[in-house]
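Trainee: query-v8.txt (compact mmCIF, C-alpha atoms and all ligand atoms) pasted underneath:
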# COMPACT_ATOMS: atom_id res chain seq x y z
CA MET L 555 -31.22 22.39 -35.53
CA ALA L 556 -29.21 25.19 -34.00
CA GLU L 557 -25.65 24.33 -33.09
CA LYS L 558 -25.23 24.20 -29.34
CA PRO L 559 -22.51 22.88 -27.11
CA LEU L 560 -23.43 19.38 -25.99
CA CYS L 561 -21.50 19.71 -22.82
CA MET L 562 -22.21 23.03 -21.20
CA SER L 563 -19.33 22.65 -18.82
CA THR L 564 -16.88 22.94 -21.70
CA GLN L 565 -18.00 26.50 -22.33
CA ILE L 566 -15.62 28.93 -20.77
CA PRO L 567 -16.93 32.42 -20.08
CA HIS L 568 -14.06 34.21 -21.78
CA ASP L 569 -13.73 36.08 -25.00
CA GLU L 570 -12.18 34.01 -27.75
CA ASP L 571 -8.97 35.96 -27.41
CA THR L 572 -8.67 35.60 -23.67
CA GLN L 573 -5.27 34.15 -22.87
CA ARG L 574 -4.58 32.05 -19.82
CA GLY L 575 -1.02 31.40 -18.79
CA ASP L 576 1.59 31.74 -21.55
CA SER L 577 0.19 29.86 -24.46
CA VAL L 578 -3.16 28.29 -23.62
CA ARG L 579 -6.11 29.95 -25.33
CA CYS L 580 -9.56 29.36 -23.96
CA LEU L 581 -12.03 28.84 -26.77
CA THR L 582 -15.79 28.77 -26.60
CA THR L 583 -16.70 25.42 -28.13
CA LEU L 584 -19.88 24.98 -30.09
CA GLY L 585 -21.12 21.82 -31.68
CA HIS L 586 -20.41 18.15 -31.14
CA PHE L 587 -16.86 16.80 -31.16
CA GLY L 588 -17.28 13.61 -29.20
CA PHE L 589 -14.74 14.10 -26.43
CA GLU L 590 -17.56 14.53 -23.97
CA CYS L 591 -17.76 10.73 -24.20
CA LEU L 592 -14.30 10.34 -22.66
CA PRO L 593 -15.68 9.35 -19.23
CA HIS L 594 -17.69 6.57 -20.91
CA GLN L 595 -14.56 5.38 -22.70
CA LEU L 596 -12.80 5.17 -19.36
CA VAL L 597 -15.69 3.28 -17.78
CA ASN L 598 -15.78 0.76 -20.63
CA GLN L 599 -12.01 0.32 -20.59
CA SER L 600 -11.97 -0.21 -16.81
CA ILE L 601 -14.80 -2.74 -16.94
CA GLN L 602 -12.98 -4.63 -19.67
CA GLN L 603 -9.72 -4.65 -17.75
CA GLY L 604 -11.41 -5.56 -14.46
CA PHE L 605 -10.43 -4.21 -11.06
CA SER L 606 -8.18 -5.40 -8.34
CA PHE L 607 -8.18 -4.62 -4.64
CA ASN L 608 -5.81 -5.81 -1.96
CA ILE L 609 -6.80 -5.87 1.69
CA LEU L 610 -4.48 -6.54 4.60
CA CYS L 611 -6.14 -7.77 7.80
CA VAL L 612 -4.04 -7.36 10.91
CA GLY L 613 -5.35 -8.71 14.18
CA GLU L 614 -4.94 -11.31 16.87
CA THR L 615 -5.72 -14.95 16.20
CA GLY L 616 -9.47 -15.57 16.40
CA ILE L 617 -10.45 -11.89 16.49
CA GLY L 618 -12.84 -12.30 13.55
CA LYS L 619 -10.78 -11.44 10.45
CA SER L 620 -12.06 -14.25 8.23
CA THR L 621 -15.66 -13.83 9.35
CA LEU L 622 -15.59 -10.10 8.62
CA ILE L 623 -14.16 -10.60 5.12
CA ASP L 624 -16.80 -13.25 4.42
CA THR L 625 -19.49 -10.90 5.70
CA LEU L 626 -18.17 -7.98 3.61
CA PHE L 627 -18.34 -9.98 0.38
CA ASN L 628 -21.27 -12.15 1.48
CA THR L 629 -19.46 -15.29 0.52
CA ASN L 630 -17.72 -18.11 2.27
CA LEU L 631 -14.04 -17.81 1.42
CA LYS L 632 -13.44 -21.01 3.37
CA ASP L 633 -10.58 -19.91 5.54
CA LYS L 634 -9.23 -22.37 8.08
CA LYS L 635 -8.70 -21.27 11.68
CA SER L 636 -5.09 -20.87 12.70
CA SER L 637 -3.27 -22.09 15.77
CA HIS L 638 -2.14 -19.96 18.72
CA PHE L 639 1.24 -21.69 18.84
CA TYR L 640 3.32 -20.22 16.03
CA SER L 641 6.71 -18.97 17.11
CA ASN L 642 6.54 -16.05 14.64
CA VAL L 643 3.92 -13.92 12.97
CA GLY L 644 3.18 -15.04 9.42
CA LEU L 645 0.93 -13.96 6.59
CA LYS L 646 -1.67 -15.89 4.64
CA ILE L 647 -2.30 -14.59 1.13
CA GLN L 648 -5.38 -15.58 -0.87
CA THR L 649 -6.63 -14.23 -4.16
CA TYR L 650 -10.21 -14.54 -5.39
CA GLU L 651 -12.13 -13.51 -8.53
CA LEU L 652 -15.46 -11.94 -7.62
CA GLN L 653 -18.19 -10.56 -9.84
CA GLU L 654 -20.99 -8.07 -9.13
CA SER L 655 -23.21 -7.36 -12.19
CA ASN L 656 -20.71 -6.85 -15.00
CA VAL L 657 -17.83 -5.73 -12.76
CA GLN L 658 -15.04 -8.19 -12.07
CA LEU L 659 -12.90 -7.78 -9.00
CA LYS L 660 -9.67 -9.58 -8.31
CA LEU L 661 -9.55 -9.52 -4.54
CA THR L 662 -6.43 -10.35 -2.59
CA VAL L 663 -6.80 -10.82 1.15
CA VAL L 664 -3.66 -10.96 3.25
CA LYS L 665 -4.22 -11.97 6.87
CA THR L 666 -1.87 -12.20 9.78
CA VAL L 667 -1.32 -15.63 11.29
CA GLY L 668 -0.20 -15.99 14.89
CA TYR L 669 -0.36 -12.24 15.53
CA GLY L 670 -0.24 -11.46 19.26
CA ASP L 671 0.50 -15.06 20.27
CA GLN L 672 4.20 -14.82 21.06
CA ILE L 673 5.50 -14.02 24.53
CA ASN L 674 7.78 -11.36 23.09
CA LYS L 675 5.66 -9.39 20.63
CA GLU L 676 8.21 -6.73 19.77
CA ALA L 677 8.97 -8.03 16.28
CA SER L 678 5.33 -8.73 15.38
CA TYR L 679 5.14 -5.87 12.90
CA GLN L 680 8.26 -6.87 10.97
CA PRO L 681 6.77 -9.52 8.64
CA ILE L 682 3.97 -7.07 7.84
CA VAL L 683 6.37 -4.25 6.98
CA GLU L 684 8.51 -6.62 4.91
CA TYR L 685 5.49 -7.86 2.96
CA VAL L 686 4.19 -4.35 2.21
CA ASP L 687 7.66 -3.20 1.11
CA ALA L 688 8.16 -6.30 -1.03
CA GLN L 689 5.01 -5.47 -3.02
CA PHE L 690 6.23 -1.89 -3.55
CA GLU L 691 9.60 -3.25 -4.65
CA ALA L 692 7.98 -5.65 -7.15
CA TYR L 693 6.02 -2.75 -8.65
CA LEU L 694 9.14 -0.57 -8.79
CA GLN L 695 11.08 -3.32 -10.54
CA GLU L 696 8.30 -3.64 -13.12
CA GLU L 697 8.35 0.13 -13.62
CA LEU L 698 12.12 0.12 -14.16
CA LYS L 699 12.07 -2.72 -16.70
CA ILE L 700 12.76 -1.88 -20.32
CA LYS L 701 9.92 -4.10 -21.49
CA ARG L 702 7.16 -3.32 -19.04
CA SER L 703 3.86 -5.17 -19.08
CA PHE L 704 1.50 -3.35 -16.77
CA ILE L 705 -1.50 -4.64 -18.74
CA ASP L 706 -1.16 -8.14 -17.33
CA TYR L 707 0.86 -7.21 -14.23
CA HIS L 708 -0.87 -8.19 -11.01
CA ASP L 709 -0.44 -5.19 -8.78
CA SER L 710 -0.17 -6.66 -5.31
CA ARG L 711 0.41 -3.43 -3.40
CA ILE L 712 -1.74 -3.26 -0.28
CA HIS L 713 -4.53 -0.71 -0.69
CA VAL L 714 -5.94 -0.83 2.79
CA CYS L 715 -5.08 -2.29 6.18
CA LEU L 716 -8.04 -3.23 8.34
CA TYR L 717 -6.58 -3.14 11.82
CA PHE L 718 -8.65 -5.26 14.24
CA ILE L 719 -8.63 -3.90 17.78
CA SER L 720 -9.67 -6.22 20.63
CA PRO L 721 -12.98 -5.16 22.19
CA THR L 722 -11.49 -4.77 25.65
CA GLY L 723 -13.22 -1.44 26.30
CA HIS L 724 -9.97 -0.46 27.94
CA SER L 725 -7.27 0.93 25.64
CA LEU L 726 -4.99 0.02 22.77
CA LYS L 727 -2.26 -2.53 23.51
CA SER L 728 1.41 -1.80 22.93
CA ILE L 729 1.45 -4.27 20.01
CA ASP L 730 -1.32 -2.21 18.36
CA LEU L 731 0.56 1.05 18.79
CA LEU L 732 3.88 -0.41 17.69
CA THR L 733 2.49 -2.06 14.57
CA MET L 734 0.37 0.88 13.49
CA LYS L 735 3.29 3.27 14.06
CA ASN L 736 5.49 1.14 11.83
CA ILE L 737 3.08 0.80 8.94
CA ASP L 738 1.20 4.09 8.94
CA ASN L 739 3.43 5.64 6.27
CA LYS L 740 3.15 2.54 4.08
CA VAL L 741 -0.57 1.71 4.03
CA ASN L 742 -3.97 3.28 4.54
CA ILE L 743 -5.00 2.12 8.00
CA ILE L 744 -8.68 1.80 8.90
CA PRO L 745 -8.99 0.84 12.57
CA LEU L 746 -11.86 -1.45 13.55
CA ILE L 747 -13.18 -2.52 16.91
CA ALA L 748 -13.70 -6.22 16.35
CA LYS L 749 -16.55 -8.29 17.86
CA ALA L 750 -18.27 -5.07 18.86
CA ASP L 751 -21.29 -7.07 20.01
CA THR L 752 -19.32 -7.99 23.12
CA ILE L 753 -19.18 -4.43 24.42
CA SER L 754 -22.01 -2.29 25.74
CA LYS L 755 -23.17 0.87 23.97
CA ASN L 756 -21.85 3.20 26.65
CA ASP L 757 -18.49 1.45 26.93
CA LEU L 758 -18.18 1.41 23.15
CA GLN L 759 -18.53 5.17 22.83
CA LYS L 760 -15.92 5.76 25.55
CA PHE L 761 -13.65 3.14 23.99
CA LYS L 762 -13.85 4.83 20.59
CA CYS L 763 -12.88 8.20 22.10
CA LYS L 764 -10.03 6.62 24.04
CA ILE L 765 -8.65 4.91 20.90
CA VAL L 766 -8.82 8.11 18.86
CA SER L 767 -6.99 10.08 21.56
CA GLU L 768 -4.33 7.38 21.85
CA LEU L 769 -3.82 7.35 18.09
CA VAL L 770 -3.42 11.12 18.12
CA SER L 771 -1.09 11.23 21.10
CA ASN L 772 1.11 8.55 19.54
CA GLY L 773 1.21 10.40 16.22
CA ILE L 774 -0.33 7.51 14.28
CA GLN L 775 -1.68 8.48 10.88
CA ILE L 776 -4.82 6.65 9.90
CA TYR L 777 -6.61 6.86 6.55
CA GLN L 778 -8.37 10.19 6.11
CA PHE L 779 -11.66 9.81 4.29
CA PRO L 780 -12.00 12.43 1.55
CA THR L 781 -13.79 15.44 2.99
CA ASP L 782 -16.62 15.42 0.47
CA ASP L 783 -17.65 12.00 1.81
CA GLU L 784 -20.59 11.72 4.09
CA THR L 785 -19.07 13.92 6.77
CA THR L 786 -19.82 11.47 9.53
CA ALA L 787 -17.34 8.79 8.40
CA GLN L 788 -14.24 10.22 10.08
CA GLY L 789 -16.18 10.95 13.26
CA GLN L 790 -17.29 7.34 13.55
CA LEU L 791 -13.78 5.90 13.52
CA PRO L 792 -12.82 3.36 14.63
CA PHE L 793 -15.73 1.43 13.12
CA ALA L 794 -17.28 -1.00 15.57
CA VAL L 795 -17.91 -4.10 13.51
CA VAL L 796 -19.59 -7.45 13.90
CA GLY L 797 -19.23 -10.28 11.43
CA SER L 798 -21.49 -13.24 10.85
CA MET L 799 -22.65 -15.39 7.98
CA ASP L 800 -25.48 -16.91 10.04
CA GLU L 801 -29.01 -16.28 8.82
CA VAL L 802 -31.27 -15.47 11.77
CA LYS L 803 -35.04 -14.95 11.81
CA VAL L 804 -36.15 -11.48 12.88
CA GLY L 805 -39.93 -11.12 12.65
CA LYS L 806 -40.70 -12.53 9.22
CA ARG L 807 -37.34 -11.71 7.69
CA MET L 808 -34.11 -13.66 7.61
CA VAL L 809 -31.11 -11.42 8.33
CA ARG L 810 -27.44 -11.98 8.89
CA GLY L 811 -26.76 -11.73 12.56
CA ARG L 812 -25.66 -13.28 15.81
CA GLN L 813 -28.28 -14.89 17.96
CA TYR L 814 -28.06 -14.51 21.74
CA PRO L 815 -30.35 -15.74 24.50
CA TRP L 816 -31.55 -12.14 24.94
CA GLY L 817 -31.92 -11.20 21.28
CA VAL L 818 -30.36 -10.89 17.84
CA LEU L 819 -27.55 -8.62 16.74
CA GLN L 820 -28.23 -7.73 13.13
CA VAL L 821 -25.00 -7.19 11.25
CA GLU L 822 -26.57 -4.88 8.67
CA ASN L 823 -28.59 -2.83 11.13
CA GLU L 824 -26.88 0.54 11.58
CA ASN L 825 -28.29 0.84 15.09
CA HIS L 826 -26.51 -2.35 16.08
CA CYS L 827 -23.00 -1.79 14.64
CA ASP L 828 -20.97 0.10 12.01
CA PHE L 829 -20.65 -2.81 9.58
CA VAL L 830 -22.71 -1.20 6.80
CA LYS L 831 -20.81 2.06 7.25
CA LEU L 832 -17.53 0.21 6.86
CA ARG L 833 -18.73 -1.71 3.80
CA ASP L 834 -19.99 1.46 2.11
CA MET L 835 -16.87 3.44 2.93
CA LEU L 836 -14.52 0.66 1.89
CA LEU L 837 -16.13 -0.87 -1.17
CA CYS L 838 -18.70 1.53 -2.48
CA ILE L 839 -17.34 5.01 -1.88
CA ASN L 840 -13.59 4.99 -1.32
CA MET L 841 -12.06 1.97 -3.03
CA GLU L 842 -10.66 4.10 -5.83
CA ASP L 843 -9.39 6.75 -3.39
CA LEU L 844 -7.65 4.06 -1.31
CA LYS L 845 -5.93 2.80 -4.46
CA GLU L 846 -4.97 6.31 -5.48
CA GLN L 847 -3.57 7.15 -2.03
CA THR L 848 -1.57 3.93 -2.15
CA HIS L 849 -0.04 4.95 -5.46
CA THR L 850 0.44 8.67 -4.96
CA GLN L 851 1.39 8.75 -1.29
CA HIS L 852 2.68 5.44 0.04
CA TYR L 853 4.27 3.99 -3.09
CA GLU L 854 5.66 7.38 -4.08
CA ARG L 855 7.40 7.65 -0.69
CA TYR L 856 8.89 4.17 -1.06
CA ARG L 857 10.00 4.85 -4.65
CA CYS L 858 11.58 8.19 -3.76
CA CYS L 859 13.59 6.72 -0.84
CA LYS L 860 14.69 3.75 -2.91
CA LEU L 861 15.83 5.78 -5.92
CA GLU L 862 17.65 8.30 -3.72
CA LYS L 863 19.44 5.43 -1.99
CA MET L 864 20.48 4.15 -5.40
CA GLY L 865 22.04 7.55 -6.12
CA PHE L 866 19.40 9.04 -8.39
CA THR L 867 18.46 12.65 -7.98
CA ASP L 868 16.31 15.23 -9.75
CA VAL L 869 18.79 18.10 -9.39
CA GLY L 870 22.56 18.47 -9.41
CA PRO L 871 24.71 20.16 -6.74
CA ASP L 872 23.98 23.53 -8.39
CA ASN L 873 20.24 22.83 -7.98
CA LYS L 874 19.80 22.58 -11.74
CA PRO L 875 17.62 19.74 -13.09
CA LEU L 876 19.56 16.64 -14.02
CA SER L 877 18.35 14.23 -16.66
CA PHE L 878 18.40 10.46 -16.23
CA GLN L 879 21.03 10.31 -18.98
CA GLU L 880 23.29 12.87 -17.27
CA ILE L 881 23.13 10.89 -14.02
CA TYR L 882 23.88 7.69 -15.87
CA GLU L 883 26.83 9.25 -17.74
CA ASP L 884 28.17 10.83 -14.58
CA LYS L 885 27.94 7.49 -12.77
CA ARG L 886 29.61 5.70 -15.70
CA GLN L 887 32.42 8.26 -15.76
CA LYS L 888 32.95 7.92 -12.01
CA PHE L 889 32.99 4.13 -12.32
CA TYR L 890 35.45 4.34 -15.22
CA ASP L 891 37.72 6.70 -13.24
CA GLN L 892 37.61 4.37 -10.26
CA CYS L 893 38.54 1.39 -12.45
CA GLN L 894 41.44 3.35 -13.91
CA ARG L 895 42.65 4.31 -10.43
CA GLU L 896 42.45 0.74 -9.20
CA GLU L 897 44.23 -0.53 -12.31
CA GLU L 898 46.97 2.04 -11.83
CA GLU L 899 47.35 1.09 -8.14
CA LEU L 900 47.60 -2.58 -9.09
CA LYS L 901 50.23 -1.80 -11.74
CA GLN L 902 52.27 0.18 -9.23
CA LYS L 903 52.06 -2.60 -6.66
CA PHE L 904 53.07 -5.15 -9.23
CA MET L 905 56.05 -3.07 -10.40
CA GLN L 906 57.12 -2.56 -6.82
CA ARG L 907 56.98 -6.29 -6.14
CA VAL L 908 58.98 -7.03 -9.29
CA LYS L 909 61.57 -4.44 -8.21
CA ASP L 910 61.72 -5.93 -4.70
CA LYS L 911 62.15 -9.41 -6.13
CA GLU L 912 64.89 -8.18 -8.50
CA THR L 913 66.75 -6.59 -5.59
CA THR L 914 66.57 -9.74 -3.43
CA PHE L 915 67.56 -11.80 -6.44
CA LYS L 916 70.59 -9.55 -7.12
CA GLU L 917 71.60 -9.65 -3.48
CA SER L 918 71.39 -13.45 -3.44
CA GLU L 919 73.46 -13.54 -6.65
CA LYS L 920 76.08 -11.30 -5.01
CA GLU L 921 76.20 -13.49 -1.93
CA ALA L 922 76.58 -16.59 -4.10
CA SER L 923 79.45 -15.06 -6.09
CA THR L 924 81.36 -14.12 -2.91
CA LEU L 925 81.03 -17.68 -1.70
CA VAL L 926 82.52 -19.09 -4.90
P1 LIG G 1001 -7.68 -16.85 12.67
O1 LIG G 1001 -7.70 -16.78 11.19
O2 LIG G 1001 -7.73 -18.25 13.17
O3 LIG G 1001 -6.63 -16.01 13.30
O4 LIG G 1001 -9.08 -16.25 13.22
P2 LIG G 1001 -9.90 -15.04 12.61
O5 LIG G 1001 -9.36 -13.75 13.09
O6 LIG G 1001 -10.05 -15.21 11.14
O7 LIG G 1001 -11.30 -15.26 13.35
P3 LIG G 1001 -12.57 -16.01 12.77
O8 LIG G 1001 -13.25 -15.17 11.76
O9 LIG G 1001 -12.22 -17.39 12.39
O10 LIG G 1001 -13.49 -16.03 14.09
C1 LIG G 1001 -13.11 -16.69 15.26
C2 LIG G 1001 -14.36 -16.90 16.14
O11 LIG G 1001 -14.93 -15.65 16.48
C3 LIG G 1001 -15.47 -17.67 15.43
O12 LIG G 1001 -16.06 -18.52 16.36
C4 LIG G 1001 -16.45 -16.61 14.99
O13 LIG G 1001 -17.78 -17.08 14.92
C5 LIG G 1001 -16.29 -15.59 16.10
N1 LIG G 1001 -16.58 -14.25 15.60
C6 LIG G 1001 -16.21 -13.71 14.43
N2 LIG G 1001 -16.67 -12.46 14.32
C7 LIG G 1001 -17.34 -12.20 15.46
C8 LIG G 1001 -18.03 -11.05 15.96
O14 LIG G 1001 -18.13 -10.02 15.33
N3 LIG G 1001 -18.60 -11.17 17.22
C9 LIG G 1001 -18.50 -12.29 17.95
N4 LIG G 1001 -19.09 -12.29 19.16
N5 LIG G 1001 -17.86 -13.37 17.53
C10 LIG G 1001 -17.28 -13.34 16.30
MG MG G 1002 -9.05 -16.49 9.86
Show me the file's structure as structure tokens.
Mentor:
Amino acid sequence: MAEKPLCMSTQIPHDEDTQRGDSVRCLTTLGHFGFECLPHQLVNQSIQQGFSFNILCVGETGIGKSTLIDTLFNTNLKDKKSSHFYSNVGLKIQTYELQESNVQLKLTVVKTVGYGDQINKEASYQPIVEYVDAQFEAYLQEELKIKRSFIDYHDSRIHVCLYFISPTGHSLKSIDLLTMKNIDNKVNIIPLIAKADTISKNDLQKFKCKIVSELVSNGIQIYQFPTDDETTAQGQLPFAVVGSMDEVKVGKRMVRGRQYPWGVLQVENENHCDFVKLRDMLLCINMEDLKEQTHTQHYERYRCCKLEKMGFTDVGPDNKPLSFQEIYEDKRQKFYDQCQREEEELKQKFMQRVKDKETTFKESEKEASTLV
């Protein structure tokens, strides 16, 4: 059989001698080497390791957070309802192991408790910001350890924030703007209009436009779906969602929906709400991108600020690259010099006090001798 490249895409239309850059030679490869199987190796490795995904649900008490998560994963995660009478906003964190065919997913759902229930709502975003930062910090500490164990490390960084907007049909509330503004550079925000079955079609369209314009005018960054996605995703934001685990009869079929005296809202019917769009965008198409954005954008920002605060830098005052060792040695030298200075100051003070004491002692001796 004639030798032919197994993977046509590895063939580069250059002469063998073509040089690219300084030292990389592009070669026309013929025959089978095996590295075309790399993607399969990655797939197998990932399946073996399993996946993890961390969702943060922010929204007022009773807005439908638990129902939506149940509906997304088609399972009853048995979440208790919370009270409206907490004096502060809190967070409830639950981790589940889910399986779909041979893929295992460790899902962590973090939900706000008591959000929007206080008279003064100004500090509502703080526990959320603190939680998100604490997960970045835990990851950074693991990274900085000498003996790191990322294989069994549970990465708890938040990959996406589902922000539940009340279906008022009016506008965003100041708590929404304040919270989103304070977390938009820390997490990927996907805004949702909750309980979208309570708002008419016309009002919903106007409400969506109003929300988008308010987000823009307040400079709030929401998650940007990758452009090669189904182009409609970004245009449909915020997704108008309805959650329900109830099985309702429609014709001869049983569907998940909400039954009303005038008809049935089918959760998975794209003419009724954007639930399927959200599920596809979140779980099927963009889960990996959300995780990547978390790592390369949000975590990177946190890490950079933190290390700079600790005095680390990539370049010296002359703009030349500085190695970790040089920074460490420089810091050690400065610390040593400071210790020396402080020691010297202490010595001087001590000597001075001894001298002062000697003088007073001599003076007292003199006084005593004149008395005798
Ligand atoms: P807490 O955890 O107690 O803050 O509430 P939650 O945000 O988790 O709300 P939950 O899912 O418990 O829903 C509260 C009530 O709203 C329940 O009676 C749900 O049946 C109802 N509900 C949930 N989703 C929807 C929805 O999409 N439309 C309508 N009309 N009702 C909904
Ligand atoms: Mg709940």
Trainee: Could I get the residue neighbourhood of ligand LIG 1001 (chain G) at 7 Å, counting all atoms listed in the file, as a list in words?
Mentor: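 If we count all atoms listed in the file, the neighbours of ligand LIG 1001 (chain G) turn out to be Gly613, Glu614, Thr615, Gly616, Ile617, Gly618, Lys619, Ser620, Thr621, Leu622, Lys634, Lys635, Ser636, Ser637, Val667, Gly668, Ala748, Lys749, Ala750, Asp751, Thr752, Val795, Val796, Gly797 and Ser798 of chain L.
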Trainee: Between L:Val612, L:Leu925, L:Ile705, L:Ile729, which one has atoms that come closest to ligand MG 1002 (chain G), using all atoms listed in the file?
Mentor: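 Using all atoms listed in the file, ligand MG 1002 (chain G) sits closest to L:Val612.
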Trainee: Calculate how many Å separate atom CA of Lys863 of chain L from atom CA of Thr850 of chain L, rounding to one decimal.
Mentor: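 If I compute the distance from atom CA of Lys863 of chain L to atom CA of Thr850 of chain L, I get 19.5 Å.
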Trainee: Within 9 Å of Ile682 of chain L, counting all atoms listed in the file, which residues show up once you throw out same-chain ones fewer than 5 positions away? Write them as number ranges by chain, please.
Mentor: L: 612, 643-645, 666, 687, 733, 737
Trainee: Please provide the set of residues having any atom within 12 Å of Ile673 of chain L, restricted to only C-alpha atoms, with same-chain residues fewer than 4 positions apart removed, written as a CSV table (one decimal) with C-alpha atoms, in the frame of the given file.
Mentor:
chain,number,residue,atom,x,y,z
L,638,HIS,CA,-2.1,-20.0,18.7
L,639,PHE,CA,1.2,-21.7,18.8
L,640,TYR,CA,3.3,-20.2,16.0
L,641,SER,CA,6.7,-19.0,17.1
L,642,ASN,CA,6.5,-16.0,14.6
L,643,VAL,CA,3.9,-13.9,13.0
L,668,GLY,CA,-0.2,-16.0,14.9
L,669,TYR,CA,-0.4,-12.2,15.5
L,677,ALA,CA,9.0,-8.0,16.3
L,678,SER,CA,5.3,-8.7,15.4
L,729,ILE,CA,1.4,-4.3,20.0
Trainee: Name the closest residue to ligand MG 1002 (chain G) among the candidates L:Thr924, L:Asn630, L:Asn674, L:Gln680; distances are taken between atoms, counting only C-alpha atoms and all ligand atoms.
Mentor: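 Looking at the shortest contact to ligand MG 1002 (chain G), the residue is L:Asn630.
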Trainee: For a quick check of understanding, using all atoms listed in the file, which of L:Leu732, L:Cys580, L:Thr722, L:Phe704 has the smallest distance to Phe761 of chain L?
Mentor: L:Thr722
Trainee: Show which residues sit within 8 Å of Gln820 of chain L, as a ChimeraX atom specification. Count all atoms listed in the file, and ignore same-chain residues fewer than 2 positions away.
Mentor: /L:809-812,818,822-823,826
Trainee: Which is closer to Arg711 of chain L than all the others in L:Lys860, L:Lys740, L:Lys665, L:Lys755, using all atoms listed in the file?
Mentor: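 Nearest to Arg711 of chain L: L:Lys740.
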Trainee: Please tabulate, as JSON lines, the residues of segment 623-736 of chain L that come within 10 Å of segment 834-844 of chain L, each with its closest pair of atoms and the distance in Å to one decimal, counting all atoms listed in the file and ordering rows by chain, then residue number upward.
Mentor:
{"residue": "L:Leu626", "atom": "CA", "partner": "L:Leu837", "partner_atom": "CA", "distance": 8.8}
{"residue": "L:Phe627", "atom": "CA", "partner": "L:Leu837", "partner_atom": "CA", "distance": 9.5}
{"residue": "L:Ile712", "atom": "CA", "partner": "L:Leu844", "partner_atom": "CA", "distance": 9.5}
{"residue": "L:His713", "atom": "CA", "partner": "L:Leu844", "partner_atom": "CA", "distance": 5.7}
{"residue": "L:Val714", "atom": "CA", "partner": "L:Leu844", "partner_atom": "CA", "distance": 6.6}
{"residue": "L:Leu716", "atom": "CA", "partner": "L:Leu836", "partner_atom": "CA", "distance": 9.9}
Trainee: Work out how far apart atom CA of Glu912 of chain L and atom CA of Glu896 of chain L are and give it in Å to one decimal.
Mentor: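 These atoms are spaced 24.2 Å apart.
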Trainee: Padding 3 Å on every side, please: axis-aligned box over the listed atoms of segment 759-774 of chain L, centre and edge lengths to one decimal in Å, as AutoDock Vina command-line options.
Mentor:
--center_x -8.7 --center_y 7.2 --center_z 19.9 --size_x 25.7 --size_y 14.1 --size_z 17.3
Trainee: Mind listing as a list of chain:residue names all residues within 10 Å of (-9.5, -3.0, -8.2), counting all atoms listed in the file?
Mentor: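 Protein, DNA and RNA residues close to (-9.5, -3.0, -8.2): L:Ser600, L:Gln603, L:Gly604, L:Phe605, L:Ser606, L:Phe607, L:Asn608, L:Val657, L:Gln658, L:Leu659, L:Lys660, L:Leu661, L:Thr662, L:Asp709, L:His713, L:Leu837, L:Met841, L:Glu842, L:Lys845.
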Trainee: Which protein, DNA or RNA residues are at most 7 Å from (-6.9, -2.3, 9.3) in the file's coordinates when you count only C-alpha atoms, listed as a VMD selection string?
Mentor: chain L and resid 610 to 612 714 to 718 743 to 746
Trainee: Mind giving me the straight-line distance from atom CA of Thr649 of chain L to atom CA of Lys699 of chain L in Å, one decimal?
Mentor: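 Answer for the atom CA of Thr649 of chain L to atom CA of Lys699 of chain L separation: 25.3 Å.
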Trainee: For ligand MG 1002 (chain G), which residue out of L:Ser918, L:His586, L:Lys646, L:Cys859 is the nearest one, using only C-alpha atoms and all ligand atoms?
Mentor: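 For ligand MG 1002 (chain G), the nearest of the given residues is L:Lys646.
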Trainee: What would segment 630-636 of chain L look like with N, CA, C and O atoms restored, written as a PDB file, keeping the file's coordinate frame?
Mentor:
ATOM      1  N   ASN L 630     -18.560 -17.350   1.352  1.00  0.00           N
ATOM      2  CA  ASN L 630     -17.720 -18.110   2.270  1.00  0.00           C
ATOM      3  C   ASN L 630     -16.377 -18.373   1.614  1.00  0.00           C
ATOM      4  O   ASN L 630     -16.277 -19.203   0.711  1.00  0.00           O
ATOM      5  N   LEU L 631     -15.361 -17.659   2.044  1.00  0.00           N
ATOM      6  CA  LEU L 631     -14.040 -17.810   1.420  1.00  0.00           C
ATOM      7  C   LEU L 631     -13.276 -18.999   2.012  1.00  0.00           C
ATOM      8  O   LEU L 631     -12.124 -19.212   1.687  1.00  0.00           O
ATOM      9  N   LYS L 632     -13.953 -19.727   2.847  1.00  0.00           N
ATOM     10  CA  LYS L 632     -13.440 -21.010   3.370  1.00  0.00           C
ATOM     11  C   LYS L 632     -12.022 -20.910   3.913  1.00  0.00           C
ATOM     12  O   LYS L 632     -11.098 -21.533   3.424  1.00  0.00           O
ATOM     13  N   ASP L 633     -11.890 -20.102   4.938  1.00  0.00           N
ATOM     14  CA  ASP L 633     -10.580 -19.910   5.540  1.00  0.00           C
ATOM     15  C   ASP L 633     -10.467 -20.764   6.795  1.00  0.00           C
ATOM     16  O   ASP L 633     -11.371 -20.739   7.628  1.00  0.00           O
ATOM     17  N   LYS L 634      -9.392 -21.512   6.884  1.00  0.00           N
ATOM     18  CA  LYS L 634      -9.230 -22.370   8.080  1.00  0.00           C
ATOM     19  C   LYS L 634      -8.764 -21.537   9.272  1.00  0.00           C
ATOM     20  O   LYS L 634      -8.066 -20.540   9.112  1.00  0.00           O
ATOM     21  N   LYS L 635      -9.144 -21.986  10.476  1.00  0.00           N
ATOM     22  CA  LYS L 635      -8.700 -21.270  11.680  1.00  0.00           C
ATOM     23  C   LYS L 635      -7.226 -21.557  11.909  1.00  0.00           C
ATOM     24  O   LYS L 635      -6.744 -22.635  11.577  1.00  0.00           O
ATOM     25  N   SER L 636      -6.519 -20.591  12.491  1.00  0.00           N
ATOM     26  CA  SER L 636      -5.090 -20.870  12.700  1.00  0.00           C
ATOM     27  C   SER L 636      -4.798 -21.128  14.179  1.00  0.00           C
ATOM     28  O   SER L 636      -5.614 -20.805  15.049  1.00  0.00           O
TER      29      SER L 636
END
